[in-house]
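Enquirer: Below you'll find data.cif; it's mmCIF, C-alpha atoms.
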```cif
data_model
loop_
_atom_site.label_atom_id
_atom_site.label_comp_id
_atom_site.auth_asym_id
_atom_site.auth_seq_id
_atom_site.Cartn_x
_atom_site.Cartn_y
_atom_site.Cartn_z
CA MET A 1 77.38 75.97 76.79
CA ARG A 2 80.22 76.23 79.30
CA SER A 3 83.65 77.43 78.27
CA SER A 4 86.70 75.87 79.91
CA ASP A 5 89.20 78.65 79.21
CA LEU A 6 89.23 81.77 81.37
CA THR A 7 90.35 83.83 78.38
CA ALA A 8 87.83 82.30 75.96
CA LEU A 9 85.37 84.65 74.34
CA THR A 10 81.70 84.28 75.21
CA ALA A 11 78.97 86.32 73.54
CA ILE A 12 75.59 87.80 74.36
CA VAL A 13 73.13 88.58 71.56
CA LEU A 14 70.52 91.06 72.74
CA ALA A 15 67.36 89.78 71.04
CA ASP A 16 64.76 90.83 73.63
CA GLY A 17 62.60 92.74 71.17
CA PRO A 18 60.21 91.89 68.33
CA GLY A 19 62.64 93.21 65.74
CA ALA A 20 65.11 90.42 66.48
CA ASP A 21 62.95 87.97 64.52
CA ALA A 22 62.85 90.10 61.37
CA ARG A 23 64.47 88.22 58.49
CA VAL A 24 66.98 89.75 56.13
CA VAL A 25 68.64 87.66 53.39
CA GLY A 26 67.28 84.40 54.79
CA LEU A 27 68.28 84.82 58.45
CA SER A 28 66.63 86.47 61.43
CA LEU A 29 68.60 89.34 62.94
CA ALA A 30 69.18 87.28 66.09
CA GLU A 31 70.47 84.24 64.22
CA ARG A 32 72.76 86.36 62.04
CA ALA A 33 74.22 88.04 65.14
CA ARG A 34 74.76 84.62 66.72
CA ARG A 35 76.65 83.43 63.65
CA VAL A 36 78.73 86.62 63.65
CA ALA A 37 79.70 85.93 67.27
CA VAL A 38 80.68 82.35 66.44
CA ARG A 39 82.73 83.55 63.48
CA ALA A 40 84.46 85.99 65.84
CA GLY A 41 85.59 83.08 67.99
CA ALA A 42 82.93 82.90 70.70
CA VAL A 43 82.86 79.46 72.32
CA ALA A 44 79.51 80.13 74.01
CA VAL A 45 76.67 82.36 72.79
CA LEU A 46 73.52 83.31 74.67
CA VAL A 47 70.70 84.72 72.54
CA VAL A 48 68.87 86.79 75.15
CA ARG A 49 65.09 86.77 74.87
CA SER A 50 64.63 87.84 78.50
CA ARG A 51 67.13 89.77 80.59
CA ALA A 52 66.34 87.40 83.46
CA GLU A 53 68.42 84.78 81.61
CA LEU A 54 71.61 86.80 81.85
CA ALA A 55 72.61 86.58 85.54
CA PRO A 56 72.28 82.79 85.95
CA TRP A 57 73.95 82.17 82.59
CA TRP A 58 76.93 84.34 83.48
CA ARG A 59 77.39 82.57 86.82
CA THR A 60 77.89 79.28 84.99
CA GLU A 61 80.50 80.77 82.67
CA ARG A 62 84.19 80.56 83.53
CA SER A 63 85.24 83.08 80.88
CA THR A 64 86.16 86.65 81.78
CA ARG A 65 85.76 88.02 78.24
CA VAL A 66 82.37 88.84 76.78
CA LEU A 67 81.15 90.22 73.46
CA VAL A 68 77.75 91.94 73.33
CA LEU A 69 75.80 92.39 70.07
CA ARG A 70 72.47 94.16 69.70
CA ALA A 71 70.16 92.36 67.28
CA THR A 72 66.79 94.02 67.87
CA ASP A 73 67.00 96.84 65.35
CA GLN A 74 70.08 96.25 63.20
CA LEU A 75 71.61 93.73 60.85
CA VAL A 76 75.18 92.92 61.86
CA HIS A 77 77.98 91.35 59.86
CA SER A 78 81.47 90.11 60.72
CA PRO A 79 83.38 93.40 60.10
CA LEU A 80 81.44 94.91 63.03
CA VAL A 81 83.42 92.83 65.52
CA ALA A 82 86.59 91.79 63.66
CA SER A 83 88.66 94.66 65.04
CA LEU A 84 86.77 94.74 68.32
CA VAL A 85 87.72 91.21 69.40
CA ALA A 86 91.37 91.85 68.49
CA THR A 87 91.75 94.58 71.13
CA HIS A 88 92.96 93.82 74.66
CA HIS A 89 91.37 96.88 76.26
CA PRO A 90 89.20 96.09 79.34
CA LEU A 91 86.21 97.69 77.61
CA ALA A 92 85.98 98.38 73.89
CA ILE A 93 83.09 99.75 71.86
CA ALA A 94 82.55 99.41 68.11
CA VAL A 95 81.91 102.79 66.48
CA ASP A 96 81.13 104.07 63.03
CA PRO A 97 84.39 104.96 61.20
CA VAL A 98 82.83 108.18 59.84
CA ASP A 99 80.86 109.81 62.64
CA GLY A 100 82.05 107.78 65.64
CA ALA A 101 78.50 106.74 66.59
CA TYR A 102 78.04 103.59 68.68
CA GLY A 103 77.76 100.56 66.41
CA GLY A 104 75.77 98.20 68.61
CA ALA A 105 78.64 95.97 69.75
CA MET A 106 81.03 96.04 72.69
CA GLN A 107 83.57 93.79 74.36
CA ALA A 108 84.66 93.68 78.00
CA CYS A 109 87.27 91.72 79.91
CA GLY A 110 87.82 90.86 83.57
CA ALA A 111 85.92 92.93 86.13
CA ALA A 112 84.54 95.12 83.34
CA ALA A 113 82.86 92.04 81.84
CA SER A 114 81.02 91.22 85.07
CA THR A 115 79.99 94.85 85.49
CA LEU A 116 78.69 94.99 81.92
CA VAL A 117 76.69 91.77 82.24
CA ALA A 118 75.22 92.92 85.58
CA ALA A 119 74.10 96.23 84.03
CA LEU A 120 72.49 94.44 81.09
CA ALA A 121 70.80 91.93 83.42
CA ALA A 122 69.34 94.87 85.34
CA GLY A 123 67.66 96.01 82.12
CA GLU A 124 70.00 98.82 81.09
CA ASP A 125 70.11 99.55 77.36
CA ASP A 126 73.47 98.86 75.69
CA ARG A 127 73.31 102.26 73.96
CA ALA A 128 72.94 104.00 77.30
CA LEU A 129 75.88 102.02 78.65
CA ALA A 130 78.05 102.95 75.68
CA ALA A 131 77.14 106.62 76.10
CA ARG A 132 78.03 106.88 79.79
CA VAL A 133 81.27 104.90 79.81
CA GLU A 134 84.17 107.29 79.31
CA VAL A 135 87.17 104.97 79.60
CA ALA A 136 86.20 102.60 76.82
CA ALA A 137 88.34 102.22 73.73
CA HIS A 138 86.51 103.24 70.57
CA VAL A 139 87.23 100.78 67.75
CA ALA A 140 86.11 101.71 64.24
CA HIS A 141 84.26 98.86 62.56
CA GLY A 142 84.91 97.75 58.99
CA PRO A 143 82.70 98.25 55.92
CA ILE A 144 79.48 96.30 55.36
CA ALA A 145 79.24 95.80 59.12
CA ARG A 146 75.78 96.93 60.19
CA HIS A 147 72.57 98.54 58.97
CA PRO A 148 69.38 99.69 60.75
CA THR A 149 66.38 97.43 60.18
CA THR A 150 63.49 99.13 61.97
CA THR A 151 61.40 99.72 58.84
CA ALA A 152 60.74 97.62 55.75
CA ASP A 153 62.71 100.10 53.63
CA GLN A 154 65.67 99.82 55.99
CA ARG A 155 65.56 96.03 55.83
CA ARG A 156 65.60 96.15 52.04
CA ALA A 157 68.54 98.56 52.16
CA ALA A 158 70.30 96.24 54.64
CA ALA A 159 69.86 93.37 52.17
CA ARG A 160 71.33 95.48 49.36
CA MET A 161 74.31 96.31 51.58
CA LEU A 162 74.88 92.66 52.35
CA TYR A 163 74.60 91.59 48.72
CA ARG A 164 77.73 93.62 48.02
CA ILE A 165 79.84 90.83 49.54
CA VAL A 166 78.79 88.38 46.81
CA HIS A 167 81.65 89.37 44.52
CA LYS A 168 85.07 88.14 45.60
CA PRO A 169 88.16 90.33 45.02
CA GLN A 170 89.77 87.40 43.16
CA ASP A 171 86.95 87.14 40.58
CA ASN A 172 88.34 87.24 37.07
CA ALA A 173 86.68 89.08 34.20
CA VAL A 174 84.88 85.95 32.94
CA THR A 175 83.37 85.29 36.36
CA ARG A 176 82.50 88.93 36.96
CA TRP A 177 80.73 89.57 33.66
CA LEU A 178 79.42 86.18 32.52
CA TYR A 179 78.70 84.29 35.73
CA ARG A 180 77.83 86.52 38.67
CA PRO A 181 75.06 88.43 36.81
CA LEU A 182 73.21 85.14 36.21
CA SER A 183 74.14 83.21 39.37
CA PHE A 184 73.22 86.10 41.68
CA PRO A 185 69.42 85.95 41.02
CA LEU A 186 69.53 82.21 41.78
CA THR A 187 71.45 82.94 44.96
CA ARG A 188 68.82 85.46 46.03
CA LEU A 189 66.24 82.68 45.78
CA LEU A 190 68.36 80.08 47.56
CA VAL A 191 69.20 82.24 50.60
CA HIS A 192 65.51 82.21 51.53
CA THR A 193 65.43 78.42 51.62
CA SER A 194 66.99 75.82 53.93
CA VAL A 195 69.35 74.66 51.17
CA THR A 196 72.94 74.62 52.44
CA PRO A 197 76.09 75.55 50.49
CA ASN A 198 77.32 71.95 50.68
CA GLN A 199 74.05 70.69 49.21
CA ILE A 200 74.55 73.11 46.32
CA SER A 201 78.01 71.62 45.77
CA TYR A 202 76.50 68.13 45.68
CA VAL A 203 73.95 69.25 43.08
CA THR A 204 76.79 70.76 41.05
CA ALA A 205 78.69 67.47 41.12
CA PHE A 206 75.54 65.57 40.05
CA LEU A 207 74.89 67.94 37.13
CA VAL A 208 78.51 67.70 36.00
CA ALA A 209 78.33 63.90 36.11
CA ILE A 210 75.16 63.92 33.97
CA GLY A 211 76.66 66.45 31.55
CA CYS A 212 79.88 64.48 31.19
CA TRP A 213 78.00 61.22 30.60
CA ILE A 214 75.88 62.82 27.86
CA THR A 215 78.97 64.45 26.32
CA ALA A 216 80.89 61.16 26.25
CA THR A 217 78.06 58.98 24.96
CA GLY A 218 75.84 61.31 22.97
CA SER A 219 75.56 65.01 22.23
CA ALA A 220 78.55 67.22 23.05
CA LEU A 221 76.31 70.27 22.73
CA THR A 222 73.69 69.03 25.22
CA GLY A 223 76.26 67.66 27.63
CA THR A 224 78.33 70.83 27.57
CA ALA A 225 75.20 72.93 28.12
CA ILE A 226 74.46 70.90 31.29
CA VAL A 227 78.04 71.30 32.51
CA LEU A 228 77.73 75.02 31.83
CA ALA A 229 74.51 75.14 33.87
CA ALA A 230 76.36 73.32 36.67
CA SER A 231 79.04 76.00 36.67
CA TYR A 232 76.36 78.64 37.36
CA VAL A 233 74.96 76.56 40.20
CA ASP A 234 78.52 76.19 41.47
CA CYS A 235 78.79 79.98 41.86
CA CYS A 236 75.89 79.92 44.29
CA ASP A 237 77.43 77.76 47.01
CA GLY A 238 80.06 80.35 47.88
CA GLU A 239 77.61 83.21 47.53
CA VAL A 240 75.08 81.59 49.87
CA ALA A 241 77.84 80.67 52.33
CA ARG A 242 79.12 84.24 52.53
CA LEU A 243 75.66 85.77 52.79
CA LYS A 244 74.46 83.36 55.50
CA LEU A 245 77.78 83.06 57.34
CA ALA A 246 77.79 79.35 56.58
CA THR A 247 81.36 78.96 55.32
CA SER A 248 83.34 75.98 56.58
CA ARG A 249 86.67 74.33 55.90
CA TYR A 250 84.88 71.20 54.69
CA GLY A 251 82.66 73.27 52.39
CA ALA A 252 85.64 75.13 50.93
CA TRP A 253 87.44 71.88 50.15
CA LEU A 254 84.27 70.23 48.85
CA ASP A 255 83.84 73.09 46.40
CA THR A 256 87.51 72.86 45.41
CA VAL A 257 87.41 69.09 44.85
CA VAL A 258 84.20 69.34 42.80
CA ASP A 259 85.70 72.12 40.67
CA GLU A 260 88.94 70.32 39.89
CA LEU A 261 87.44 66.89 39.30
CA SER A 262 84.79 68.51 37.08
CA GLN A 263 87.50 69.92 34.82
CA ILE A 264 89.22 66.56 34.47
CA ALA A 265 85.93 64.71 33.97
CA TYR A 266 84.69 67.10 31.30
CA MET A 267 87.98 67.06 29.41
CA THR A 268 87.90 63.25 29.48
CA ALA A 269 84.25 63.14 28.38
CA LEU A 270 84.91 65.49 25.47
CA GLY A 271 87.87 63.37 24.41
CA LEU A 272 85.75 60.18 24.49
CA HIS A 273 83.11 61.96 22.41
CA CYS A 274 85.73 62.91 19.82
CA ALA A 275 87.15 59.37 19.83
CA HIS A 276 83.67 58.05 19.01
CA VAL A 277 82.63 60.65 16.44
CA PHE A 278 86.00 61.15 14.74
CA SER A 279 87.25 57.56 14.97
CA VAL A 280 90.51 56.82 13.14
CA HIS A 281 89.94 53.04 13.20
CA TYR A 282 88.64 52.98 9.64
CA LEU A 283 91.89 54.63 8.48
CA LEU A 284 94.50 52.92 10.63
CA GLY A 285 92.74 49.86 12.00
CA ASP A 286 92.35 48.97 15.66
CA LEU A 287 95.11 50.86 17.50
CA GLY A 288 94.08 49.66 20.95
CA HIS A 289 95.58 51.81 23.70
CA TYR A 290 97.49 53.84 21.11
CA ASP A 291 94.42 55.49 19.62
CA PRO A 292 95.40 59.19 19.29
CA TRP A 293 92.27 60.35 21.11
CA HIS A 294 92.93 58.05 24.06
CA VAL A 295 96.57 59.11 24.16
CA ALA A 296 95.46 62.75 24.21
CA ILE A 297 93.06 62.01 27.06
CA ALA A 298 95.88 60.36 29.03
CA VAL A 299 98.12 63.38 28.41
CA GLY A 300 95.33 65.70 29.48
CA VAL A 301 94.63 63.82 32.72
CA ALA A 302 98.35 63.70 33.55
CA THR A 303 98.97 67.39 32.89
CA TYR A 304 95.81 68.47 34.71
CA ALA A 305 96.85 66.35 37.72
CA ILE A 306 100.34 67.90 37.69
CA ALA A 307 98.90 71.41 37.48
CA ILE A 308 96.40 70.75 40.28
CA TYR A 309 99.14 69.34 42.53
CA CYS A 310 101.50 72.27 41.93
CA VAL A 311 98.80 74.92 42.35
CA TYR A 312 97.35 73.52 45.55
CA TRP A 313 100.73 72.72 47.08
CA ASN A 314 101.56 76.38 46.47
CA ILE A 315 98.41 77.83 48.01
CA VAL A 316 98.10 75.37 50.91
CA VAL A 317 101.72 75.10 52.04
CA VAL A 318 102.97 78.60 51.28
CA VAL A 319 100.04 80.97 50.74
CA GLY A 320 97.79 79.38 53.37
CA SER A 321 94.58 79.22 51.34
CA ALA A 322 92.25 76.73 49.72
CA ASN A 323 91.28 78.98 46.81
CA SER A 324 93.08 78.42 43.52
CA GLN A 325 92.54 82.09 42.70
CA ASP A 326 95.10 82.89 45.44
CA TYR A 327 97.89 81.16 43.51
CA VAL A 328 101.16 83.10 43.51
CA GLY A 329 103.52 82.52 40.63
CA LYS A 330 106.83 83.79 42.00
CA PHE A 331 108.28 84.66 45.41
CA GLU A 332 111.42 86.20 46.81
CA ILE A 333 113.00 85.39 50.17
CA THR A 334 112.88 88.24 52.72
CA ASP A 335 113.62 88.54 56.44
CA GLY A 336 110.82 87.72 58.84
CA ASP A 337 109.63 89.91 61.71
CA ARG A 338 111.67 87.96 64.26
CA PRO A 339 115.35 86.92 64.21
CA GLY A 340 115.91 83.55 62.61
CA THR A 341 112.78 83.72 60.47
CA ALA A 342 112.16 84.27 56.78
CA ARG A 343 109.21 85.06 54.55
CA LEU A 344 108.37 84.37 50.95
CA ARG A 345 107.18 87.66 49.51
CA PRO A 346 105.00 87.41 46.39
CA ILE A 347 106.50 89.20 43.40
CA ALA A 348 104.14 87.82 40.75
CA SER A 349 100.57 86.73 41.38
CA GLN A 350 100.00 85.62 37.80
CA ALA A 351 100.57 82.08 36.63
CA ILE A 352 102.51 83.55 33.69
CA ALA A 353 104.48 86.55 34.93
CA THR A 354 105.74 89.21 32.52
CA SER A 355 108.28 92.02 32.78
CA ALA A 356 107.22 95.64 32.83
CA ASP A 357 108.55 96.36 29.32
CA VAL A 358 106.73 93.54 27.55
CA LEU A 359 104.33 94.42 24.76
CA PRO A 360 100.75 95.09 26.01
CA SER A 361 99.42 92.40 23.67
CA LEU A 362 101.77 89.79 25.18
CA ARG A 363 100.88 90.93 28.70
CA TRP A 364 97.19 90.49 27.84
CA ILE A 365 97.89 86.96 26.53
CA ALA A 366 99.89 86.11 29.67
CA THR A 367 97.05 87.35 31.87
CA TYR A 368 94.20 85.54 30.17
CA ALA A 369 95.85 82.45 28.65
CA PRO A 370 95.58 80.47 31.95
CA TYR A 371 91.80 80.91 31.79
CA ILE A 372 91.68 78.38 28.97
CA ILE A 373 91.61 75.47 31.44
CA ARG A 374 89.34 77.15 33.99
CA ARG A 375 85.83 75.72 33.97
CA ASP A 376 84.20 79.17 33.85
CA PHE A 377 85.87 79.79 30.47
CA VAL A 378 85.97 76.18 29.25
CA CYS A 379 82.21 75.73 29.40
CA TRP A 380 81.42 78.79 27.33
CA GLY A 381 84.23 78.22 24.82
CA THR A 382 83.52 74.54 24.27
CA LEU A 383 79.76 75.17 24.10
CA ALA A 384 80.33 77.63 21.26
CA LEU A 385 82.62 75.17 19.48
CA ALA A 386 80.16 72.31 19.99
CA ALA A 387 77.41 74.47 18.51
CA LEU A 388 79.65 74.98 15.48
CA HIS A 389 80.19 71.19 15.31
CA LEU A 390 83.84 71.64 16.30
CA PRO A 391 84.14 69.73 19.61
CA GLN A 392 87.52 68.41 18.50
CA VAL A 393 88.86 71.97 18.45
CA GLY A 394 87.61 72.53 21.99
CA PHE A 395 89.22 69.30 23.14
CA GLY A 396 92.49 70.24 21.46
CA LEU A 397 92.50 73.62 23.18
CA LEU A 398 91.92 71.93 26.54
CA ILE A 399 94.90 69.64 25.98
CA VAL A 400 97.15 72.50 24.85
CA GLY A 401 96.02 74.61 27.78
CA GLY A 402 96.62 71.77 30.23
CA VAL A 403 100.13 71.10 28.92
CA ALA A 404 101.07 74.80 28.93
CA THR A 405 99.70 75.34 32.44
CA ALA A 406 101.41 72.23 33.79
CA LEU A 407 104.71 73.41 32.31
CA VAL A 408 104.43 76.90 33.81
CA VAL A 409 103.32 75.86 37.29
CA THR A 410 105.91 73.03 37.39
CA ILE A 411 108.69 75.55 36.74
CA ASP A 412 107.24 77.74 39.51
CA HIS A 413 107.00 74.72 41.79
CA VAL A 414 110.63 73.70 41.28
CA ARG A 415 111.72 77.30 41.91
CA LEU A 416 109.65 77.45 45.09
CA ARG A 417 111.02 74.13 46.35
CA THR A 418 114.54 75.45 45.73
CA GLN A 419 113.76 78.58 47.77
CA LEU A 420 112.48 76.47 50.67
CA VAL A 421 115.73 74.45 50.60
CA GLU A 422 117.65 77.74 50.66
CA ILE A 423 115.69 78.91 53.72
CA ARG A 424 116.55 75.69 55.53
CA ARG A 425 120.21 76.02 54.48
CA ARG A 426 120.26 79.46 56.10
CA GLU A 427 118.79 77.84 59.23
CA ARG A 428 115.74 80.07 59.07
CA VAL A 429 112.15 79.26 60.03
CA LEU A 430 109.56 80.05 57.34
CA VAL A 431 106.70 82.23 58.59
CA ARG A 432 103.69 83.52 56.68
#
```
Starting from the file, give its structure as structure tokens.

Expert:
Amino acid sequence: MRSSDLTALTAIVLADGPGADARVVGLSLAERARRVAVRAGAVAVLVVRSRAELAPWWRTERSTRVLVLRATDQLVHSPLVASLVATHHPLAIAVDPVDGAYGGAMQACGAAASTLVAALAAGEDDRALAARVEVAAHVAHGPIARHPTTTADQRRAAARMLYRIVHKPQDNAVTRWLYRPLSFPLTRLLVHTSVTPNQISYVTAFLVAIGCWITATGSALTGTAIVLAASYVDCCDGEVARLKLATSRYGAWLDTVVDELSQIAYMTALGLHCAHVFSVHYLLGDLGHYDPWHVAIAVGVATYAIAIYCVYWNIVVVVGSANSQDYVGKFEITDGDRPGTARLRPIASQAIATSADVLPSLRWIATYAPYIIRRDFVCWGTLALAALHLPQVGFGLLIVGGVATALVVTIDHVRLRTQLVEIRRRERVLVR
């Protein structure tokens, strides 16, 4: 590939050794390093199997900035190069944050880039180059960045290191204790297959559709169990994507759309089940569109749609995310870094914010009450109620939770809109 920007980053993956084909967590070391380079912003990547490839490849490149990763004896992950590519030093070397040892990655710009590529093309080892260069900037790499893989034990340890990224910081208690322990073994199987994260999302959507159909037309217990199983499969798409560096904007939104539509579909299916099993026609006659169950379904769909709109407007427009777990309840206007700019500083990340002097019991309720309409909680709660032959209670809780959530996030949304108007009135530019 040929880059068209002189400042664009190109990358060289040193894979001229038998160890480069060793597989850890479903990817060869060479392929993982290539994906790390792409994630770092490289517009062209050469996976070097023979040093003779280097000189002619570099002559065709118009970039003057090169990233070098060694993939013959180590597993590398994105934190190895995240800080490295941010530096503007002519030659920078990634080092261990504890002992300062060379981390197997370096970046060079301008004349230093040509000199580095020439030395590598001549057969010089990147470790020897890093040791003899005295003017290079030493940039400490982040955690979970690299691990030796020379022996089988080291490769197993490298896999254990990488598996630590499965858990997201935003995971709530339900996800952390009820979902990840069961979804993780499935993820460990899937990473060794060619199944993609997006394909997992499609399977999730299919399972939810089957579960909702069975819930609406037959057994609420069986249908809910299938929807619950789908929620475990749903955990795997993100886990596989993070482990195999296969995240994408499309995949993130696909997962989001499947999640939100699944909640609405299941709530609707449970309401239709209740309308069939607990029909009020024999008491009140044919009520048509005014059947209480159908009215409740309509209220649920409306409030869920309002909540989804407010939450995603918040995280997309203001927070700059696609993950509903990044929702911020309240902001305050502060000055930006440059004159004429303003920022919205989060002051409450919870959907229901509480003051510091509120009773602990009320704070606990405020923290966990929003979970009632999250699919990870809904599936378990409604499954238990269905098993007790109380699906109507589960449906009622979903409606109450949807109305309460819509009310809270609508108030937050109106407040946020008002703050944006105030920023424009002050003739400020909003920056993140």

Enquirer: Hey, what's within 12 Å of A:Tyr309 if we count only C-alpha atoms and toss same-chain stuff fewer than 2 positions away? As number ranges by chain, please?

Expert: A: 257, 260, 302-307, 311-317, 324, 327, 405-406, 409-410, 413

Enquirer: Find the residues around A:Ile144 up to 9 Å (only C-alpha atoms counted), leave out those fewer than 4 positions away in its own chain, and share them as an MDAnalysis selection string.

Expert: chainID A and resid 76:80 161:162 164:165

Enquirer: Can you measure atom CA of A:Val258 to atom CA of A:Tyr202 for me? One decimal in Å is fine.

Expert: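 So the two atoms, atom CA of A:Val258 and atom CA of A:Tyr202, lie 8.3 Å apart.
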
Enquirer: Closest to A:Ile333 among A:Val299, A:Leu383, A:Asp16, A:Arg415, using only C-alpha atoms?

Expert: A:Arg415

Enquirer: Do a neighbour search on A:Pro185 at 12 Å with all atoms listed in the file, toss out local chain neighbours closer than 5 positions, and write the hits as a compact mmCIF listing (two decimals) with C-alpha atoms, in the coordinates of the input.

Expert:
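To be explicit, this is the file written out as selection-v8.txt:
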```
# COMPACT_ATOMS: atom_id res chain seq x y z
CA TYR A 163 74.60 91.59 48.72
CA VAL A 166 78.79 88.38 46.81
CA TYR A 179 78.70 84.29 35.73
CA ARG A 180 77.83 86.52 38.67
CA LEU A 190 68.36 80.08 47.56
CA VAL A 191 69.20 82.24 50.60
CA HIS A 192 65.51 82.21 51.53
CA TYR A 232 76.36 78.64 37.36
CA VAL A 233 74.96 76.56 40.20
CA CYS A 235 78.79 79.98 41.86
CA CYS A 236 75.89 79.92 44.29
CA GLU A 239 77.61 83.21 47.53
CA VAL A 240 75.08 81.59 49.87
```

Enquirer: So, counting all atoms listed in the file, which residue among A:Asp412, A:Glu53, A:Asp255, A:Asp96 is closest to A:Phe331?

Expert: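 Closest to A:Phe331, using all atoms listed in the file: A:Asp412.
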
Enquirer: Between A:Val393, A:Ala216, A:Val68, A:Leu54, which residue has the minimum interatomic distance to A:Ala118, considering only C-alpha atoms?

Expert: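 Distance minimum relative to A:Ala118 lands on A:Leu54.
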
Enquirer: Could you check how far atom CA of A:Val95 sits from atom CA of A:Leu116, in Å to one decimal?

Expert: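 The value is 17.6 Å.
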
Enquirer: Name every residue that the PyMOL selection byres ((chain A and resi 38) around 12) selects in this structure, writing the answer as a PyMOL selection string with chains first and numbers rising.

Expert: chain A and resi 8-13+31-37+39-47+67+69+77-78+81-82+85+245-247

Enquirer: Can you translate the PyMOL selection byres ((chain A and resi 402) around 12) into the concrete residues it hits in this file, as a PyMOL selection string?

Expert: chain A and resi 263-264+267+296-308+369-374+378+395-401+403-410

Enquirer: Would you save the residues from that selection as a short mmCIF file (atom, residue, chain, number, x, y, z; two decimals), in the coordinates of the input, using C-alpha atoms?

Expert:
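Final output, saved to again06.cif:
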```cif
data_model
loop_
_atom_site.label_atom_id
_atom_site.label_comp_id
_atom_site.auth_asym_id
_atom_site.auth_seq_id
_atom_site.Cartn_x
_atom_site.Cartn_y
_atom_site.Cartn_z
CA GLN A 263 87.50 69.92 34.82
CA ILE A 264 89.22 66.56 34.47
CA MET A 267 87.98 67.06 29.41
CA ALA A 296 95.46 62.75 24.21
CA ILE A 297 93.06 62.01 27.06
CA ALA A 298 95.88 60.36 29.03
CA VAL A 299 98.12 63.38 28.41
CA GLY A 300 95.33 65.70 29.48
CA VAL A 301 94.63 63.82 32.72
CA ALA A 302 98.35 63.70 33.55
CA THR A 303 98.97 67.39 32.89
CA TYR A 304 95.81 68.47 34.71
CA ALA A 305 96.85 66.35 37.72
CA ILE A 306 100.34 67.90 37.69
CA ALA A 307 98.90 71.41 37.48
CA ILE A 308 96.40 70.75 40.28
CA ALA A 369 95.85 82.45 28.65
CA PRO A 370 95.58 80.47 31.95
CA TYR A 371 91.80 80.91 31.79
CA ILE A 372 91.68 78.38 28.97
CA ILE A 373 91.61 75.47 31.44
CA ARG A 374 89.34 77.15 33.99
CA VAL A 378 85.97 76.18 29.25
CA PHE A 395 89.22 69.30 23.14
CA GLY A 396 92.49 70.24 21.46
CA LEU A 397 92.50 73.62 23.18
CA LEU A 398 91.92 71.93 26.54
CA ILE A 399 94.90 69.64 25.98
CA VAL A 400 97.15 72.50 24.85
CA GLY A 401 96.02 74.61 27.78
CA VAL A 403 100.13 71.10 28.92
CA ALA A 404 101.07 74.80 28.93
CA THR A 405 99.70 75.34 32.44
CA ALA A 406 101.41 72.23 33.79
CA LEU A 407 104.71 73.41 32.31
CA VAL A 408 104.43 76.90 33.81
CA VAL A 409 103.32 75.86 37.29
CA THR A 410 105.91 73.03 37.39
#
```
